[in-house]
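**Student:** Below you will find the structure I want to go over with you.
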Amino acid sequence: MATNGAALPSIVRTEQVLHMNDGVGDTSYAKNSSHQRSGVLKGKPILEESVRKLYCNMLPKCLKVADLGCASGPNALMVVNDIIEIVETTSFNLNLSAPVFQFYLNDLPSNDFNTIFKSLAQFYDALEENKGPGFGPCFINATPGTFYKRLFPNNSIHFVHSSYSLHWLSQPPKELTNGAETLNKDNIYVTSTIPPATHKAYLRQFQHDFKLFLKSRSEELVPGGVMFLTFVGREDIPQIRTVIGLLGMVLNDMVVENLIEEVKLESFNMPMYGPTAEEAKAVIEEEGSFTIQRLESIIVGWDANINEDDLDENMRCEFIAKNFRAITETLLKARFGEGIMDELYLRLKDKLIQMLVKGEKLESPNLVISLIKN
């Protein structure tokens, strides 16, 4: 995301500014990722099925797992713990000793890996307390880098997990800002009001990126290796309202009030695309390295994991705004500056309240996909 003018300077690539809010403060991802946690929990039965089937087929002495787009905060190690639990239970049922575990936590180099590292001692202590000192070794390493390229040696990984990452594109579609006129200047994302050319540009970028992801993983996974993916999707018809779409409306309001330069907004496009189930399936089948074991759409509320009875409209919408601030602020700050961030997300909360008052649903579809390498 550029910080001036219409063009994105080549020295500022998406991967340099795309990361969740770091630390453990009030607006951090560590404190505001319950939406993603809810989606992971909803997909857990399919995760259990995928891990169990892989382990029973291979029975490796050392199970090597890569979690791609791990971010930071409690969700990163929650997945590690879940996989250990599934494998340990399966081993017990088979009257086998649990394997050694090797986990690789991957995200872009700008990710807050330090917050994960600081929590490892407590995580290991809890493992030993729950499993006993005889529990097999568990090694956790960080692997920085974009997952749209190779990350591991050939045939070295048994299981790949990725949650809430693959809807992030490697870059916004270039054709949206090429030439004298921008194609998506009134929107920053795919909504029901965008021109067909804009939707096609986003779809092409997703197809390109997802195909690169699948090809890279097919080379890194062992034969019969499994991938479990969860990411933001959409219905066949783009939603009238999405949180990113609401952010675009807020930004347009702030342009009208001269709080943001129009030229900065006109050429800004969020590097994100939530595909339909059919769009994701088509890329998987065209790339050809994997067979789909499960592909399902689950609905996740934007305010998932809070008790609605205990919160009024203002508190619910503040909760949602904080969750989405944690995942979008670094991109918007790089483009529009830090000075407007508090006002921007306060206005987002107000837009969300308006949706609630109108009775609109605060939820979105997520895709859960289990794949096995051919």
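Scheme for the structure tokens: letters A, B, ... for chains in order shown; per-chain residue numbers from 1; ligand numbers from 1 in order shown.
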Please run DSSP on the backbone and report, as a PDB file with N, CA and C atoms, in the first residue's frame, all residues within stretch 239-283 of chain A that come out as alpha helix (DSSP H).
**Tutor:**
ATOM      1  N   VAL A 243     -17.577  -6.207   6.141  1.00  0.00           N
ATOM      2  CA  VAL A 243     -16.854  -5.261   6.988  1.00  0.00           C
ATOM      3  C   VAL A 243     -15.873  -4.443   6.157  1.00  0.00           C
ATOM      4  N   ILE A 244     -15.193  -5.093   5.214  1.00  0.00           N
ATOM      5  CA  ILE A 244     -14.252  -4.355   4.365  1.00  0.00           C
ATOM      6  C   ILE A 244     -15.009  -3.352   3.499  1.00  0.00           C
ATOM      7  N   GLY A 245     -16.189  -3.753   3.017  1.00  0.00           N
ATOM      8  CA  GLY A 245     -17.019  -2.815   2.263  1.00  0.00           C
ATOM      9  C   GLY A 245     -17.438  -1.626   3.104  1.00  0.00           C
ATOM     10  N   LEU A 246     -17.775  -1.872   4.372  1.00  0.00           N
ATOM     11  CA  LEU A 246     -18.122  -0.779   5.288  1.00  0.00           C
ATOM     12  C   LEU A 246     -16.933   0.145   5.508  1.00  0.00           C
ATOM     13  N   LEU A 247     -15.739  -0.430   5.618  1.00  0.00           N
ATOM     14  CA  LEU A 247     -14.538   0.402   5.746  1.00  0.00           C
ATOM     15  C   LEU A 247     -14.382   1.309   4.527  1.00  0.00           C
ATOM     16  N   GLY A 248     -14.685   0.764   3.339  1.00  0.00           N
ATOM     17  CA  GLY A 248     -14.633   1.581   2.132  1.00  0.00           C
ATOM     18  C   GLY A 248     -15.618   2.732   2.180  1.00  0.00           C
ATOM     19  N   MET A 249     -16.822   2.486   2.701  1.00  0.00           N
ATOM     20  CA  MET A 249     -17.815   3.550   2.843  1.00  0.00           C
ATOM     21  C   MET A 249     -17.323   4.630   3.796  1.00  0.00           C
ATOM     22  N   VAL A 250     -16.703   4.214   4.902  1.00  0.00           N
ATOM     23  CA  VAL A 250     -16.169   5.176   5.870  1.00  0.00           C
ATOM     24  C   VAL A 250     -15.075   6.018   5.228  1.00  0.00           C
ATOM     25  N   LEU A 251     -14.191   5.381   4.478  1.00  0.00           N
ATOM     26  CA  LEU A 251     -13.110   6.114   3.816  1.00  0.00           C
ATOM     27  C   LEU A 251     -13.665   7.127   2.821  1.00  0.00           C
ATOM     28  N   ASN A 252     -14.711   6.751   2.085  1.00  0.00           N
ATOM     29  CA  ASN A 252     -15.339   7.700   1.158  1.00  0.00           C
ATOM     30  C   ASN A 252     -15.937   8.885   1.902  1.00  0.00           C
ATOM     31  N   ASP A 253     -16.574   8.620   3.042  1.00  0.00           N
ATOM     32  CA  ASP A 253     -17.118   9.716   3.858  1.00  0.00           C
ATOM     33  C   ASP A 253     -16.005  10.665   4.294  1.00  0.00           C
ATOM     34  N   MET A 254     -14.864  10.116   4.645  1.00  0.00           N
ATOM     35  CA  MET A 254     -13.752  10.936   5.136  1.00  0.00           C
ATOM     36  C   MET A 254     -13.099  11.734   4.013  1.00  0.00           C
ATOM     37  N   VAL A 255     -13.184  11.226   2.785  1.00  0.00           N
ATOM     38  CA  VAL A 255     -12.725  12.004   1.633  1.00  0.00           C
ATOM     39  C   VAL A 255     -13.615  13.225   1.443  1.00  0.00           C
ATOM     40  N   VAL A 256     -14.931  13.009   1.516  1.00  0.00           N
ATOM     41  CA  VAL A 256     -15.891  14.113   1.368  1.00  0.00           C
ATOM     42  C   VAL A 256     -15.630  15.196   2.408  1.00  0.00           C
ATOM     43  N   GLU A 262      -8.354  12.388  -1.830  1.00  0.00           N
ATOM     44  CA  GLU A 262      -9.124  11.549  -2.750  1.00  0.00           C
ATOM     45  C   GLU A 262      -8.231  10.655  -3.588  1.00  0.00           C
ATOM     46  N   VAL A 263      -7.085  11.184  -4.029  1.00  0.00           N
ATOM     47  CA  VAL A 263      -6.204  10.410  -4.902  1.00  0.00           C
ATOM     48  C   VAL A 263      -5.672   9.167  -4.192  1.00  0.00           C
ATOM     49  N   LYS A 264      -5.502   9.260  -2.878  1.00  0.00           N
ATOM     50  CA  LYS A 264      -5.012   8.098  -2.129  1.00  0.00           C
ATOM     51  C   LYS A 264      -6.065   6.991  -2.055  1.00  0.00           C
ATOM     52  N   LEU A 265      -7.325   7.384  -1.961  1.00  0.00           N
ATOM     53  CA  LEU A 265      -8.388   6.389  -1.880  1.00  0.00           C
ATOM     54  C   LEU A 265      -8.707   5.796  -3.242  1.00  0.00           C
ATOM     55  N   GLU A 266      -8.691   6.626  -4.288  1.00  0.00           N
ATOM     56  CA  GLU A 266      -9.119   6.173  -5.611  1.00  0.00           C
ATOM     57  C   GLU A 266      -8.330   4.968  -6.108  1.00  0.00           C
ATOM     58  N   ALA A 277     -17.167 -21.260  -3.152  1.00  0.00           N
ATOM     59  CA  ALA A 277     -16.709 -22.651  -3.099  1.00  0.00           C
ATOM     60  C   ALA A 277     -16.364 -23.162  -4.496  1.00  0.00           C
ATOM     61  N   GLU A 278     -17.164 -22.777  -5.479  1.00  0.00           N
ATOM     62  CA  GLU A 278     -16.922 -23.239  -6.847  1.00  0.00           C
ATOM     63  C   GLU A 278     -15.641 -22.649  -7.418  1.00  0.00           C
ATOM     64  N   GLU A 279     -15.352 -21.380  -7.103  1.00  0.00           N
ATOM     65  CA  GLU A 279     -14.117 -20.755  -7.595  1.00  0.00           C
ATOM     66  C   GLU A 279     -12.890 -21.444  -7.004  1.00  0.00           C
ATOM     67  N   ALA A 280     -12.936 -21.736  -5.704  1.00  0.00           N
ATOM     68  CA  ALA A 280     -11.812 -22.430  -5.071  1.00  0.00           C
ATOM     69  C   ALA A 280     -11.652 -23.840  -5.642  1.00  0.00           C
ATOM     70  N   LYS A 281     -12.765 -24.531  -5.800  1.00  0.00           N
ATOM     71  CA  LYS A 281     -12.739 -25.898  -6.333  1.00  0.00           C
ATOM     72  C   LYS A 281     -12.149 -25.929  -7.738  1.00  0.00           C
ATOM     73  N   ALA A 282     -12.516 -24.948  -8.558  1.00  0.00           N
ATOM     74  CA  ALA A 282     -12.041 -24.916  -9.943  1.00  0.00           C
ATOM     75  C   ALA A 282     -10.521 -24.775 -10.002  1.00  0.00           C
ATOM     76  N   VAL A 283      -9.945 -23.941  -9.128  1.00  0.00           N
ATOM     77  CA  VAL A 283      -8.489 -23.770  -9.120  1.00  0.00           C
ATOM     78  C   VAL A 283      -7.803 -25.060  -8.676  1.00  0.00           C
TER      79      VAL A 283
END
**Student:** Enumerate, as number ranges by chain, the complete set of residues in stretch 212-326 of chain A that a backbone-based DSSP assignment places in strand (DSSP E).
**Tutor:** A: 221-232, 290-301
**Student:** Let me make sure I understand: among A:Leu127, A:Leu371, A:Leu221, A:Cys62, which one has the smallest atom-to-atom distance to A:Arg150 if we use only C-alpha atoms?
**Tutor:**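 The shortest atom-to-atom distance to A:Arg150 comes from A:Leu221.
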**Student:** Smallest atom-to-atom distance to A:Ile46: which of A:Gly136, A:Lys351, A:Leu108, A:Val368, using only C-alpha atoms?
**Tutor:** A:Val368
**Student:** Quote the spacing between atom CA of A:Asp67 and atom CA of A:Thr27 in Å to one decimal place.
**Tutor:** 23.8 Å
**Student:** Give the answer as one residue: which of A:Ser370, A:Thr143, A:Thr191, A:Ser170 has the shortest atom-to-atom distance to A:Arg294, using only C-alpha atoms?
**Tutor:** A:Ser370
**Student:** For A:Glu261, which residue among A:Pro195, A:Gly337, A:Gly359, A:Gly288 is the nearest when counting only C-alpha atoms?
**Tutor:** A:Gly337
**Student:** Please list as a ChimeraX atom specification every residue within 9 Å of A:Val65, counting only C-alpha atoms and excluding residues in the same chain fewer than 3 positions away.
**Tutor:** /A:80,83,101-105,157-161
**Student:** Take the residues that were just selected and, keeping C-alpha atoms, output them as a compact mmCIF listing (two decimals), in the first residue's frame.
**Tutor:**
# COMPACT_ATOMS: atom_id res chain seq x y z
CA VAL A 80 -0.56 -26.91 17.55
CA ILE A 83 -3.15 -31.49 16.37
CA PHE A 101 6.19 -33.59 16.73
CA GLN A 102 7.90 -30.99 14.55
CA PHE A 103 5.88 -27.82 13.92
CA TYR A 104 6.88 -25.03 11.54
CA LEU A 105 5.04 -21.75 12.17
CA ILE A 157 6.07 -32.15 5.30
CA HIS A 158 3.24 -34.50 6.29
CA PHE A 159 0.48 -32.03 7.10
CA VAL A 160 -0.15 -28.40 6.15
CA HIS A 161 -2.58 -26.26 8.11
**Student:** Distance atom CA of A:Ala326-atom CA of A:Ile353, one decimal place?
**Tutor:**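 Between these atoms lies a distance of 19.0 Å.
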**Student:** Pick from A:Glu338, A:Glu287, A:Asp125, A:Glu235: nearest to A:Pro275, with only C-alpha atoms counted?
**Tutor:**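 Selected residue with least distance to A:Pro275: A:Glu235.
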**Student:** Measuring between only C-alpha atoms, which one of A:Ala121, A:Leu63, A:Met272, A:Leu346 shows the shortest distance to A:Arg234?
**Tutor:**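 Answer, going by the shortest atom-to-atom distance: A:Met272.
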**Student:** One decimal, in Å: what's the spacing between atom CA of A:Thr291 and atom CA of A:Tyr202?
**Tutor:**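 Between atom CA of A:Thr291 and atom CA of A:Tyr202 the gap is 25.0 Å.
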